[in-house]
>>> print(open('coords-v4.pdb').read())   # PDB, C-alpha atoms and all ligand atoms
ATOM      1  CA  MET A   1      42.610  43.501 -47.942
ATOM      2  CA  SER A   2      38.945  42.616 -47.611
ATOM      3  CA  LEU A   3      36.745  44.511 -45.173
ATOM      4  CA  ILE A   4      35.156  42.265 -42.548
ATOM      5  CA  LEU A   5      31.461  43.011 -42.105
ATOM      6  CA  ASP A   6      31.303  42.477 -38.356
ATOM      7  CA  GLY A   7      27.774  41.385 -37.474
ATOM      8  CA  ASN A   8      28.465  41.465 -33.741
ATOM      9  CA  HIS A   9      29.490  45.116 -33.939
ATOM     10  CA  ALA A  10      26.455  46.214 -35.999
ATOM     11  CA  ALA A  11      24.088  44.083 -33.902
ATOM     12  CA  SER A  12      25.311  45.630 -30.667
ATOM     13  CA  ALA A  13      24.641  49.118 -32.095
ATOM     14  CA  ILE A  14      21.084  48.004 -32.976
ATOM     15  CA  LYS A  15      20.577  46.453 -29.540
ATOM     16  CA  HIS A  16      21.623  49.712 -27.946
ATOM     17  CA  LYS A  17      18.951  51.551 -29.938
ATOM     18  CA  VAL A  18      16.316  48.936 -29.098
ATOM     19  CA  ARG A  19      17.127  49.235 -25.385
ATOM     20  CA  GLU A  20      16.875  53.025 -25.587
ATOM     21  CA  ALA A  21      13.553  52.940 -27.442
ATOM     22  CA  ILE A  22      12.033  50.609 -24.846
ATOM     23  CA  ALA A  23      13.338  52.638 -21.909
ATOM     24  CA  GLU A  24      11.949  55.892 -23.382
ATOM     25  CA  SER A  25       8.557  54.404 -24.281
ATOM     26  CA  GLY A  26       7.489  52.955 -20.952
ATOM     27  CA  THR A  27       6.040  50.024 -22.954
ATOM     28  CA  GLN A  28       7.036  46.480 -22.078
ATOM     29  CA  PRO A  29       7.203  44.494 -25.338
ATOM     30  CA  ARG A  30       6.413  40.812 -24.915
ATOM     31  CA  LEU A  31       7.519  38.091 -27.325
ATOM     32  CA  ALA A  32       6.277  34.493 -27.289
ATOM     33  CA  VAL A  33       8.730  31.959 -28.725
ATOM     34  CA  VAL A  34       7.502  28.446 -29.477
ATOM     35  CA  LEU A  35       9.849  25.490 -29.856
ATOM     36  CA  VAL A  36       8.570  22.029 -30.744
ATOM     37  CA  GLY A  37      10.849  19.017 -30.340
ATOM     38  CA  HIS A  38      14.542  18.715 -29.600
ATOM     39  CA  ASP A  39      16.450  19.864 -32.673
ATOM     40  CA  PRO A  40      19.803  20.832 -31.069
ATOM     41  CA  ALA A  41      20.431  23.854 -33.332
ATOM     42  CA  SER A  42      16.888  25.166 -32.734
ATOM     43  CA  LYS A  43      17.369  24.852 -28.970
ATOM     44  CA  ILE A  44      20.497  27.000 -29.185
ATOM     45  CA  TYR A  45      18.782  29.588 -31.408
ATOM     46  CA  VAL A  46      15.827  29.837 -29.025
ATOM     47  CA  ARG A  47      18.088  30.163 -25.989
ATOM     48  CA  ASN A  48      20.027  32.956 -27.717
ATOM     49  CA  LYS A  49      16.821  34.760 -28.655
ATOM     50  CA  ALA A  50      15.696  34.718 -25.016
ATOM     51  CA  LYS A  51      19.090  36.053 -23.923
ATOM     52  CA  ASP A  52      18.963  38.888 -26.484
ATOM     53  CA  CYS A  53      15.459  39.842 -25.369
ATOM     54  CA  GLU A  54      16.497  39.953 -21.743
ATOM     55  CA  GLN A  55      19.493  42.183 -22.571
ATOM     56  CA  CYS A  56      17.235  44.665 -24.359
ATOM     57  CA  GLY A  57      14.274  44.803 -21.980
ATOM     58  CA  ILE A  58      11.911  42.620 -24.019
ATOM     59  CA  ASP A  59       9.919  40.186 -21.950
ATOM     60  CA  SER A  60      10.215  36.821 -23.730
ATOM     61  CA  VAL A  61       8.267  33.702 -22.875
ATOM     62  CA  THR A  62       9.449  30.410 -24.382
ATOM     63  CA  TYR A  63       6.999  27.541 -24.865
ATOM     64  CA  VAL A  64       8.785  24.207 -25.243
ATOM     65  CA  LEU A  65       6.531  21.455 -26.576
ATOM     66  CA  PRO A  66       7.357  17.770 -27.025
ATOM     67  CA  GLU A  67       8.311  16.351 -30.450
ATOM     68  CA  ASP A  68       5.019  14.425 -30.722
ATOM     69  CA  THR A  69       2.813  17.499 -30.175
ATOM     70  CA  SER A  70      -0.111  17.340 -32.610
ATOM     71  CA  GLU A  71      -0.647  20.013 -35.222
ATOM     72  CA  GLU A  72      -4.044  20.772 -33.646
ATOM     73  CA  LYS A  73      -2.499  21.376 -30.213
ATOM     74  CA  LEU A  74       0.163  23.641 -31.666
ATOM     75  CA  VAL A  75      -2.326  25.624 -33.745
ATOM     76  CA  GLU A  76      -4.511  25.982 -30.642
ATOM     77  CA  LEU A  77      -1.570  27.458 -28.684
ATOM     78  CA  ILE A  78      -0.716  29.873 -31.513
ATOM     79  CA  ARG A  79      -4.352  30.984 -31.786
ATOM     80  CA  SER A  80      -4.521  31.632 -28.056
ATOM     81  CA  LEU A  81      -1.278  33.674 -28.195
ATOM     82  CA  SER A  82      -2.661  35.561 -31.203
ATOM     83  CA  ASN A  83      -5.729  36.466 -29.150
ATOM     84  CA  ASP A  84      -3.793  37.344 -25.987
ATOM     85  CA  ASP A  85      -3.508  41.149 -25.783
ATOM     86  CA  SER A  86      -0.500  40.941 -23.454
ATOM     87  CA  VAL A  87       1.571  39.259 -26.212
ATOM     88  CA  HIS A  88       2.923  41.577 -28.921
ATOM     89  CA  GLY A  89       4.956  39.169 -31.032
ATOM     90  CA  ILE A  90       4.933  35.435 -31.814
ATOM     91  CA  LEU A  91       7.761  33.341 -33.248
ATOM     92  CA  VAL A  92       7.513  29.624 -34.041
ATOM     93  CA  GLN A  93      10.998  28.200 -34.398
ATOM     94  CA  LEU A  94      11.506  26.271 -37.648
ATOM     95  CA  PRO A  95      11.910  23.542 -38.711
ATOM     96  CA  LEU A  96       8.889  21.882 -37.124
ATOM     97  CA  PRO A  97       8.647  18.089 -36.752
ATOM     98  CA  LYS A  98       7.695  16.396 -40.051
ATOM     99  CA  HIS A  99       4.115  15.508 -39.026
ATOM    100  CA  ILE A 100       3.241  19.209 -38.633
ATOM    101  CA  ASN A 101       2.365  21.368 -41.638
ATOM    102  CA  LYS A 102       4.221  24.633 -41.008
ATOM    103  CA  ASP A 103       1.853  26.620 -43.239
ATOM    104  CA  HIS A 104      -1.111  25.670 -41.029
ATOM    105  CA  VAL A 105       0.795  26.824 -37.961
ATOM    106  CA  ILE A 106       2.083  30.070 -39.462
ATOM    107  CA  SER A 107      -1.353  31.012 -40.723
ATOM    108  CA  ALA A 108      -2.603  30.877 -37.103
ATOM    109  CA  ILE A 109      -0.292  33.817 -36.241
ATOM    110  CA  LYS A 110      -1.994  37.206 -36.405
ATOM    111  CA  PRO A 111      -0.099  39.172 -39.091
ATOM    112  CA  GLU A 112       0.401  42.099 -36.680
ATOM    113  CA  LYS A 113       2.253  39.731 -34.288
ATOM    114  CA  ASP A 114       4.225  37.920 -37.001
ATOM    115  CA  VAL A 115       7.761  38.977 -36.028
ATOM    116  CA  ASP A 116       9.251  36.551 -38.585
ATOM    117  CA  GLY A 117       7.293  38.075 -41.450
ATOM    118  CA  PHE A 118       6.307  34.575 -42.594
ATOM    119  CA  THR A 119       2.492  34.892 -42.811
ATOM    120  CA  LYS A 120       0.916  35.174 -46.254
ATOM    121  CA  ALA A 121      -0.316  38.684 -45.412
ATOM    122  CA  ASN A 122       3.184  39.909 -44.565
ATOM    123  CA  THR A 123       4.782  38.094 -47.521
ATOM    124  CA  MET A 124       2.291  39.725 -49.900
ATOM    125  CA  ALA A 125       2.780  43.133 -48.252
ATOM    126  CA  MET A 126       6.525  42.808 -48.766
ATOM    127  CA  LEU A 127       6.082  41.974 -52.458
ATOM    128  CA  ASP A 128       4.154  45.242 -52.575
ATOM    129  CA  GLY A 129       7.045  47.123 -50.938
ATOM    130  CA  LYS A 130       5.396  47.443 -47.517
ATOM    131  CA  PHE A 131       7.986  46.315 -45.027
ATOM    132  CA  ARG A 132       6.338  46.048 -41.618
ATOM    133  CA  PHE A 133       7.958  42.746 -40.593
ATOM    134  CA  VAL A 134      10.922  41.760 -42.718
ATOM    135  CA  PRO A 135      12.096  38.131 -42.289
ATOM    136  CA  CYS A 136      14.991  38.301 -39.859
ATOM    137  CA  THR A 137      17.901  36.940 -41.923
ATOM    138  CA  PRO A 138      17.370  38.998 -45.096
ATOM    139  CA  GLY A 139      16.370  42.009 -42.989
ATOM    140  CA  GLY A 140      19.541  41.639 -40.937
ATOM    141  CA  ILE A 141      21.641  41.387 -44.121
ATOM    142  CA  ILE A 142      20.217  44.625 -45.508
ATOM    143  CA  GLU A 143      20.801  46.397 -42.178
ATOM    144  CA  LEU A 144      24.381  45.112 -42.098
ATOM    145  CA  MET A 145      25.003  46.481 -45.604
ATOM    146  CA  ARG A 146      23.461  49.818 -44.589
ATOM    147  CA  PHE A 147      25.599  49.919 -41.446
ATOM    148  CA  TYR A 148      28.788  49.421 -43.496
ATOM    149  CA  LYS A 149      27.520  51.663 -46.333
ATOM    150  CA  ILE A 150      27.788  48.936 -48.956
ATOM    151  CA  PRO A 151      26.046  50.356 -52.045
ATOM    152  CA  ILE A 152      23.109  48.323 -53.358
ATOM    153  CA  VAL A 153      21.329  50.465 -55.970
ATOM    154  CA  GLY A 154      22.007  49.305 -59.521
ATOM    155  CA  ARG A 155      24.412  46.574 -58.441
ATOM    156  CA  HIS A 156      24.043  42.941 -59.414
ATOM    157  CA  CYS A 157      22.921  40.975 -56.371
ATOM    158  CA  VAL A 158      23.231  37.217 -56.908
ATOM    159  CA  ILE A 159      21.458  35.091 -54.311
ATOM    160  CA  VAL A 160      22.360  31.409 -54.136
ATOM    161  CA  GLY A 161      19.512  29.432 -52.513
ATOM    162  CA  ARG A 162      15.755  29.902 -52.849
ATOM    163  CA  SER A 163      14.431  29.065 -49.374
ATOM    164  CA  ASP A 164      11.277  30.722 -48.038
ATOM    165  CA  ILE A 165      13.259  31.983 -45.029
ATOM    166  CA  VAL A 166      16.235  33.549 -46.815
ATOM    167  CA  GLY A 167      16.538  33.350 -50.608
ATOM    168  CA  LYS A 168      13.050  34.385 -51.732
ATOM    169  CA  PRO A 169      12.516  37.265 -49.273
ATOM    170  CA  MET A 170      16.124  38.384 -49.846
ATOM    171  CA  ALA A 171      15.405  38.702 -53.568
ATOM    172  CA  THR A 172      12.278  40.772 -52.884
ATOM    173  CA  ILE A 173      14.143  43.103 -50.528
ATOM    174  CA  ALA A 174      17.116  43.449 -52.889
ATOM    175  CA  LEU A 175      14.736  44.361 -55.730
ATOM    176  CA  TRP A 176      12.983  46.982 -53.617
ATOM    177  CA  ASN A 177      16.447  48.378 -52.877
ATOM    178  CA  ASN A 178      16.920  48.720 -56.651
ATOM    179  CA  ALA A 179      19.519  45.988 -57.047
ATOM    180  CA  THR A 180      19.538  43.946 -60.253
ATOM    181  CA  THR A 181      18.660  40.604 -58.743
ATOM    182  CA  THR A 182      19.332  36.985 -59.737
ATOM    183  CA  ILE A 183      18.409  33.870 -57.763
ATOM    184  CA  CYS A 184      20.441  30.682 -58.319
ATOM    185  CA  HIS A 185      19.491  27.244 -57.024
ATOM    186  CA  SER A 186      20.309  23.550 -57.342
ATOM    187  CA  HIS A 187      19.185  23.430 -61.004
ATOM    188  CA  THR A 188      21.090  26.539 -62.066
ATOM    189  CA  ARG A 189      23.528  25.999 -64.916
ATOM    190  CA  ASN A 190      26.863  27.784 -64.867
ATOM    191  CA  LEU A 191      26.662  28.769 -61.195
ATOM    192  CA  GLY A 192      30.285  29.924 -61.268
ATOM    193  CA  GLY A 193      29.734  32.207 -64.261
ATOM    194  CA  ILE A 194      26.665  33.832 -62.726
ATOM    195  CA  CYS A 195      28.412  34.305 -59.360
ATOM    196  CA  LYS A 196      31.314  35.900 -61.211
ATOM    197  CA  SER A 197      28.965  38.618 -62.480
ATOM    198  CA  ALA A 198      27.849  39.460 -58.912
ATOM    199  CA  ASP A 199      28.647  42.742 -57.201
ATOM    200  CA  ILE A 200      26.949  41.351 -54.098
ATOM    201  CA  LEU A 201      26.951  37.578 -53.666
ATOM    202  CA  ILE A 202      24.637  36.162 -51.008
ATOM    203  CA  SER A 203      24.975  32.447 -50.418
ATOM    204  CA  ALA A 204      22.413  30.612 -48.297
ATOM    205  CA  THR A 205      22.674  26.947 -49.224
ATOM    206  CA  GLY A 206      24.175  25.141 -46.235
ATOM    207  CA  ARG A 207      26.766  23.534 -48.571
ATOM    208  CA  LYS A 208      30.311  24.181 -47.454
ATOM    209  CA  ASN A 209      32.844  25.051 -50.143
ATOM    210  CA  LEU A 210      30.119  25.607 -52.755
ATOM    211  CA  ILE A 211      31.437  29.083 -53.545
ATOM    212  CA  LYS A 212      34.920  28.741 -55.016
ATOM    213  CA  PRO A 213      37.563  31.486 -55.191
ATOM    214  CA  GLU A 214      37.276  31.572 -59.002
ATOM    215  CA  PHE A 215      33.567  32.546 -58.658
ATOM    216  CA  ILE A 216      34.576  35.918 -57.210
ATOM    217  CA  LYS A 217      35.562  38.953 -59.262
ATOM    218  CA  PRO A 218      37.320  41.964 -57.687
ATOM    219  CA  ASN A 219      35.079  44.373 -55.735
ATOM    220  CA  THR A 220      32.482  41.769 -54.853
ATOM    221  CA  THR A 221      30.817  41.854 -51.448
ATOM    222  CA  ILE A 222      30.184  38.354 -50.075
ATOM    223  CA  ILE A 223      27.372  37.692 -47.633
ATOM    224  CA  ASP A 224      27.728  34.144 -46.358
ATOM    225  CA  VAL A 225      24.576  32.837 -44.665
ATOM    226  CA  GLY A 226      25.831  29.234 -44.492
ATOM    227  CA  MET A 227      26.232  27.539 -41.113
ATOM    228  CA  ASN A 228      28.199  24.367 -41.689
ATOM    229  CA  ARG A 229      30.895  22.333 -39.977
ATOM    230  CA  ASP A 230      34.237  21.768 -41.651
ATOM    231  CA  LYS A 231      36.151  18.481 -41.400
ATOM    232  CA  ASP A 232      37.575  19.521 -38.002
ATOM    233  CA  GLY A 233      34.094  20.314 -36.668
ATOM    234  CA  LYS A 234      34.638  24.080 -36.862
ATOM    235  CA  LEU A 235      31.769  26.363 -37.938
ATOM    236  CA  CYS A 236      32.101  27.534 -41.522
ATOM    237  CA  GLY A 237      29.957  29.108 -44.220
ATOM    238  CA  ASP A 238      29.229  28.195 -47.854
ATOM    239  CA  CYS A 239      32.369  29.885 -49.192
ATOM    240  CA  ASN A 240      35.855  28.576 -49.582
ATOM    241  CA  PRO A 241      38.074  30.766 -47.344
ATOM    242  CA  GLU A 242      40.081  31.913 -50.378
ATOM    243  CA  ALA A 243      36.861  33.280 -51.881
ATOM    244  CA  TYR A 244      36.649  35.726 -48.954
ATOM    245  CA  GLU A 245      40.189  36.902 -49.671
ATOM    246  CA  ARG A 246      39.242  37.846 -53.231
ATOM    247  CA  SER A 247      36.241  39.912 -52.098
ATOM    248  CA  SER A 248      36.213  43.594 -51.209
ATOM    249  CA  ALA A 249      34.106  42.835 -48.099
ATOM    250  CA  TYR A 250      32.649  39.715 -46.524
ATOM    251  CA  THR A 251      30.686  38.438 -43.552
ATOM    252  CA  PRO A 252      32.651  35.975 -41.393
ATOM    253  CA  VAL A 253      31.118  32.717 -40.127
ATOM    254  CA  PRO A 254      30.489  32.859 -37.237
ATOM    255  CA  GLY A 255      30.034  36.562 -36.391
ATOM    256  CA  GLY A 256      28.520  37.911 -39.610
ATOM    257  CA  VAL A 257      24.905  37.246 -40.546
ATOM    258  CA  GLY A 258      23.942  35.273 -37.394
ATOM    259  CA  PRO A 259      24.064  38.194 -34.922
ATOM    260  CA  MET A 260      22.211  40.386 -37.435
ATOM    261  CA  THR A 261      19.392  37.847 -37.731
ATOM    262  CA  ARG A 262      19.042  38.010 -33.972
ATOM    263  CA  ALA A 263      19.123  41.825 -33.941
ATOM    264  CA  MET A 264      16.419  41.967 -36.606
ATOM    265  CA  LEU A 265      14.132  39.880 -34.416
ATOM    266  CA  LEU A 266      14.517  42.465 -31.639
ATOM    267  CA  LEU A 267      13.625  45.245 -34.080
ATOM    268  CA  ASN A 268      10.563  43.315 -35.248
ATOM    269  CA  ALA A 269       9.544  42.587 -31.653
ATOM    270  CA  VAL A 270       9.574  46.271 -30.699
ATOM    271  CA  THR A 271       7.760  47.147 -33.944
ATOM    272  CA  ALA A 272       5.058  44.638 -32.946
ATOM    273  CA  ALA A 273       4.741  46.502 -29.638
ATOM    274  CA  GLY A 274       4.159  49.761 -31.544
ATOM    275  CA  LEU A 275       7.615  51.288 -30.970
ATOM    276  CA  LYS A 276       9.840  52.865 -33.596
ATOM    277  CA  VAL A 277      13.620  52.538 -33.763
ATOM    278  CA  ARG A 278      15.539  54.804 -36.130
ATOM    279  CA  LEU A 279      18.678  53.256 -37.568
ATOM    280  CA  ASP A 280      20.334  56.432 -38.770
ATOM    281  CA  TRP A 281      23.949  55.407 -39.247
TER     282      TRP A 281
HETATM  283  N1  LIG B 301      14.864  28.681 -38.330
HETATM  284  C1  LIG B 301      15.941  29.143 -39.003
HETATM  285  N2  LIG B 301      15.847  30.464 -39.224
HETATM  286  C2  LIG B 301      14.674  30.860 -38.681
HETATM  287  C3  LIG B 301      14.022  32.124 -38.589
HETATM  288  O1  LIG B 301      14.491  33.158 -39.078
HETATM  289  N3  LIG B 301      12.825  32.114 -37.944
HETATM  290  C4  LIG B 301      12.274  30.983 -37.421
HETATM  291  N4  LIG B 301      11.096  31.084 -36.830
HETATM  292  N5  LIG B 301      12.857  29.799 -37.497
HETATM  293  C5  LIG B 301      14.054  29.744 -38.112
END
>>> encode(input="coords-v4.pdb", output="structure tokens", more="lines below")
Ligand code: GUN
Amino acid sequence: MSLILDGNHAASAIKHKVREAIAESGTQPRLAVVLVGHDPASKIYVRNKAKDCEQCGIDSVTYVLPEDTSEEKLVELIRSLSNDDSVHGILVQLPLPKHINKDHVISAIKPEKDVDGFTKANTMAMLDGKFRFVPCTPGGIIELMRFYKIPIVGRHCVIVGRSDIVGKPMATIALWNNATTTICHSHTRNLGGICKSADILISATGRKNLIKPEFIKPNTTIIDVGMNRDKDGKLCGDCNPEAYERSSAYTPVPGGVGPMTRAMLLLNAVTAAGLKVRLDW
């Protein structure tokens, strides 16, 4: 029987600690969330982030801008939020409309308010092992593994997908946790063979059924970051369901990585407000 790594359960334990830390501190953390355009998935993510903040005592303000907002206007808003002392954290929901260069926008966020950990300063700091703001999905994955006491040190962590949001930062974090780390991507040869050597397999490709049961050896932990729809319109990850059955532990979709990504944002938001939360499971 495979162990289910229940992201909702771990996330609610983190939320409890965040709520406690805020109540004890007397500080009111404030997070600004910026959404440009009408991507339906982004709208849902932003709504959920606001709900999470409210549940934990974080004051969140959402700025919804039209699809045709110019890059200049957006950068101007981010600069003004960066300079506003009442705002502790800033998140710009990605993807942005095609006419906007996301790097220009992200570089307008003050690194000390960068709750996504996407600015160059925070990316470089992380490469150096200084984890002030860890990008929310890889950060949430590591916290989920800690919560369920999944060993990392010395194990082979295979990451499928090399995005800036998940794959690349995940590899950096896995390395700093002393995993032997491999990144696979669309040009990788023998994907199945490499996956089969994984002790921890993290798939973040958005391609359903990419990870086949025969890619999984016994005692592998599967972290499925995929968010896809199957032929019946049901949410599913990157892994074939039989792949989960062969694992020793896996994250379900939904209810695995998603809630942990959201919990990590709350942790980063309170960190931006100068609070400390100890996750001593
Ligand atoms: N879009 C998908 N994932 C993320 C994330 O972690 N942060 C932001 N800002 N946008 C996203």
>>> residues_around(input="coords-v4.pdb", residues="stretch 222-232 of chain A", least_positions_apart="6", cutoff="7 Å", atoms="all atoms listed in the file", output="list of chain:residue names")
A:Ile200, A:Leu201, A:Ile202, A:Ser203, A:Ala204, A:Thr205, A:Gly206, A:Lys208, A:Asp238, A:Cys239, A:Ser247, A:Ala249, A:Tyr250, A:Thr251, A:Val257
>>> resolve_selection(input="coords-v4.pdb", expression="the PyMOL selection byres (((chain A and resi 38-50) around 12) and not hetatm)", output="ChimeraX atom specification")
/A:30-37,51-69,91-98,136,227-228,258-266,269
>>> resolve_selection(input="coords-v4.pdb", expression="the PyMOL selection byres (((chain A and resi 214-218) around 8) and not hetatm)", output="PyMOL selection string")
chain A and resi 192-193+195-198+211-213+219-220+243+246-248
>>> atom_distance(input="coords-v4.pdb", atom1="atom CA of A:His99", atom2="atom N1 of ligand LIG 301 (chain B)")
17.0 Å
>>> resolve_selection(input="coords-v4.pdb", expression="the PyMOL selection byres (((chain A and resi 12-20) around 8) and not hetatm)", output="PyMOL selection string")
chain A and resi 8-11+21-24+55-57+263+266-267+270+277-279
>>> atom_distance(input="coords-v4.pdb", atom1="atom CA of A:Gly167", atom2="atom CA of A:Ile78")
26.0 Å
>>> residues_near_point(input="coords-v4.pdb", point="(13.7, 43.1, -54.9)", cutoff="12 Å", atoms="all atoms listed in the file", output="number ranges by chain")
A: 126-131, 138, 142, 152-159, 167-183
>>> closest_residue(input="coords-v4.pdb", among="A:Met1, A:Cys184, A:Val105, A:Val166", to="ligand LIG 301 (chain B)", atoms="all atoms listed in the file")
A:Val166
>>> axis_aligned_box(input="coords-v4.pdb", around="stretch 174-184 of chain A", padding_each_side="3 Å", output="JSON")
{"center_x": 16.7, "center_y": 39.7, "center_z": -56.6, "size_x": 13.5, "size_y": 24.0, "size_z": 13.4}
>>> atom_distance(input="coords-v4.pdb", atom1="atom CA of A:Ala108", atom2="atom CA of A:Asn268")
18.2 Å
>>> closest_residue(input="coords-v4.pdb", among="A:Ala121, A:Ile194, A:Cys236, A:Ile109", to="ligand LIG 301 (chain B)", atoms="all atoms listed in the file")
A:Ile109
>>> closest_residue(input="coords-v4.pdb", among="A:Pro29, A:Gly117, A:Pro254, A:Gly161", to="A:Gly139", atoms="only C-alpha atoms")
A:Gly117
>>> closest_residue(input="coords-v4.pdb", among="A:Thr123, A:Thr27, A:Ser163, A:Ser86", to="ligand LIG 301 (chain B)", atoms="only C-alpha atoms and all ligand atoms")
A:Ser163
>>> residues_around(input="coords-v4.pdb", residues="A:His104", least_positions_apart="3", cutoff="10 Å", atoms="only C-alpha atoms", output="list in words")
Glu71, Glu72, Leu74, Val75, Ile100, Asn101, Ser107, Ala108 and Ile109 of chain A
>>> write_last_selection(input="coords-v4.pdb", atoms="C-alpha atoms", output="CSV table (one decimal), in the coordinates of the input")
chain,number,residue,atom,x,y,z
A,71,GLU,CA,-0.6,20.0,-35.2
A,72,GLU,CA,-4.0,20.8,-33.6
A,74,LEU,CA,0.2,23.6,-31.7
A,75,VAL,CA,-2.3,25.6,-33.7
A,100,ILE,CA,3.2,19.2,-38.6
A,101,ASN,CA,2.4,21.4,-41.6
A,107,SER,CA,-1.4,31.0,-40.7
A,108,ALA,CA,-2.6,30.9,-37.1
A,109,ILE,CA,-0.3,33.8,-36.2
>>> decode(input="coords-v4.pdb", residues="stretch 70-87 of chain A", atoms="N, CA and C atoms", output="short mmCIF file (atom, residue, chain, number, x, y, z; two decimals), in the first residue's frame")
data_model
loop_
_atom_site.label_atom_id
_atom_site.label_comp_id
_atom_site.auth_asym_id
_atom_site.auth_seq_id
_atom_site.Cartn_x
_atom_site.Cartn_y
_atom_site.Cartn_z
N SER A 70 -0.62 48.12 -19.93
CA SER A 70 0.74 48.20 -20.51
C SER A 70 1.76 47.77 -19.46
N GLU A 71 2.91 47.35 -19.99
CA GLU A 71 4.00 46.95 -19.09
C GLU A 71 4.39 48.12 -18.18
N GLU A 72 4.41 49.33 -18.76
CA GLU A 72 4.80 50.51 -17.97
C GLU A 72 3.86 50.71 -16.78
N LYS A 73 2.55 50.60 -17.07
CA LYS A 73 1.55 50.80 -16.00
C LYS A 73 1.74 49.76 -14.89
N LEU A 74 1.97 48.53 -15.31
CA LEU A 74 2.12 47.45 -14.33
C LEU A 74 3.39 47.66 -13.49
N VAL A 75 4.47 48.01 -14.17
CA VAL A 75 5.73 48.24 -13.45
C VAL A 75 5.56 49.41 -12.46
N GLU A 76 4.82 50.42 -12.91
CA GLU A 76 4.57 51.58 -12.04
C GLU A 76 3.83 51.14 -10.76
N LEU A 77 2.81 50.29 -10.93
CA LEU A 77 2.06 49.81 -9.76
C LEU A 77 2.99 49.01 -8.83
N ILE A 78 3.81 48.14 -9.41
CA ILE A 78 4.69 47.30 -8.58
C ILE A 78 5.69 48.18 -7.83
N ARG A 79 6.22 49.20 -8.54
CA ARG A 79 7.17 50.10 -7.87
C ARG A 79 6.50 50.81 -6.70
N SER A 80 5.24 51.24 -6.92
CA SER A 80 4.59 51.99 -5.84
C SER A 80 4.30 51.05 -4.65
N LEU A 81 3.96 49.78 -4.93
CA LEU A 81 3.76 48.83 -3.83
C LEU A 81 5.10 48.53 -3.13
N SER A 82 6.16 48.47 -3.92
CA SER A 82 7.49 48.22 -3.34
C SER A 82 7.87 49.35 -2.38
N ASN A 83 7.43 50.56 -2.71
CA ASN A 83 7.80 51.72 -1.88
C ASN A 83 6.79 52.03 -0.78
N ASP A 84 5.71 51.24 -0.72
CA ASP A 84 4.65 51.49 0.26
C ASP A 84 4.97 50.70 1.55
N ASP A 85 5.29 51.42 2.62
CA ASP A 85 5.71 50.75 3.86
C ASP A 85 4.61 49.91 4.50
N SER A 86 3.35 50.15 4.12
CA SER A 86 2.27 49.37 4.74
C SER A 86 2.13 47.99 4.07
N VAL A 87 2.82 47.78 2.95
CA VAL A 87 2.75 46.49 2.24
C VAL A 87 4.01 45.69 2.53
#
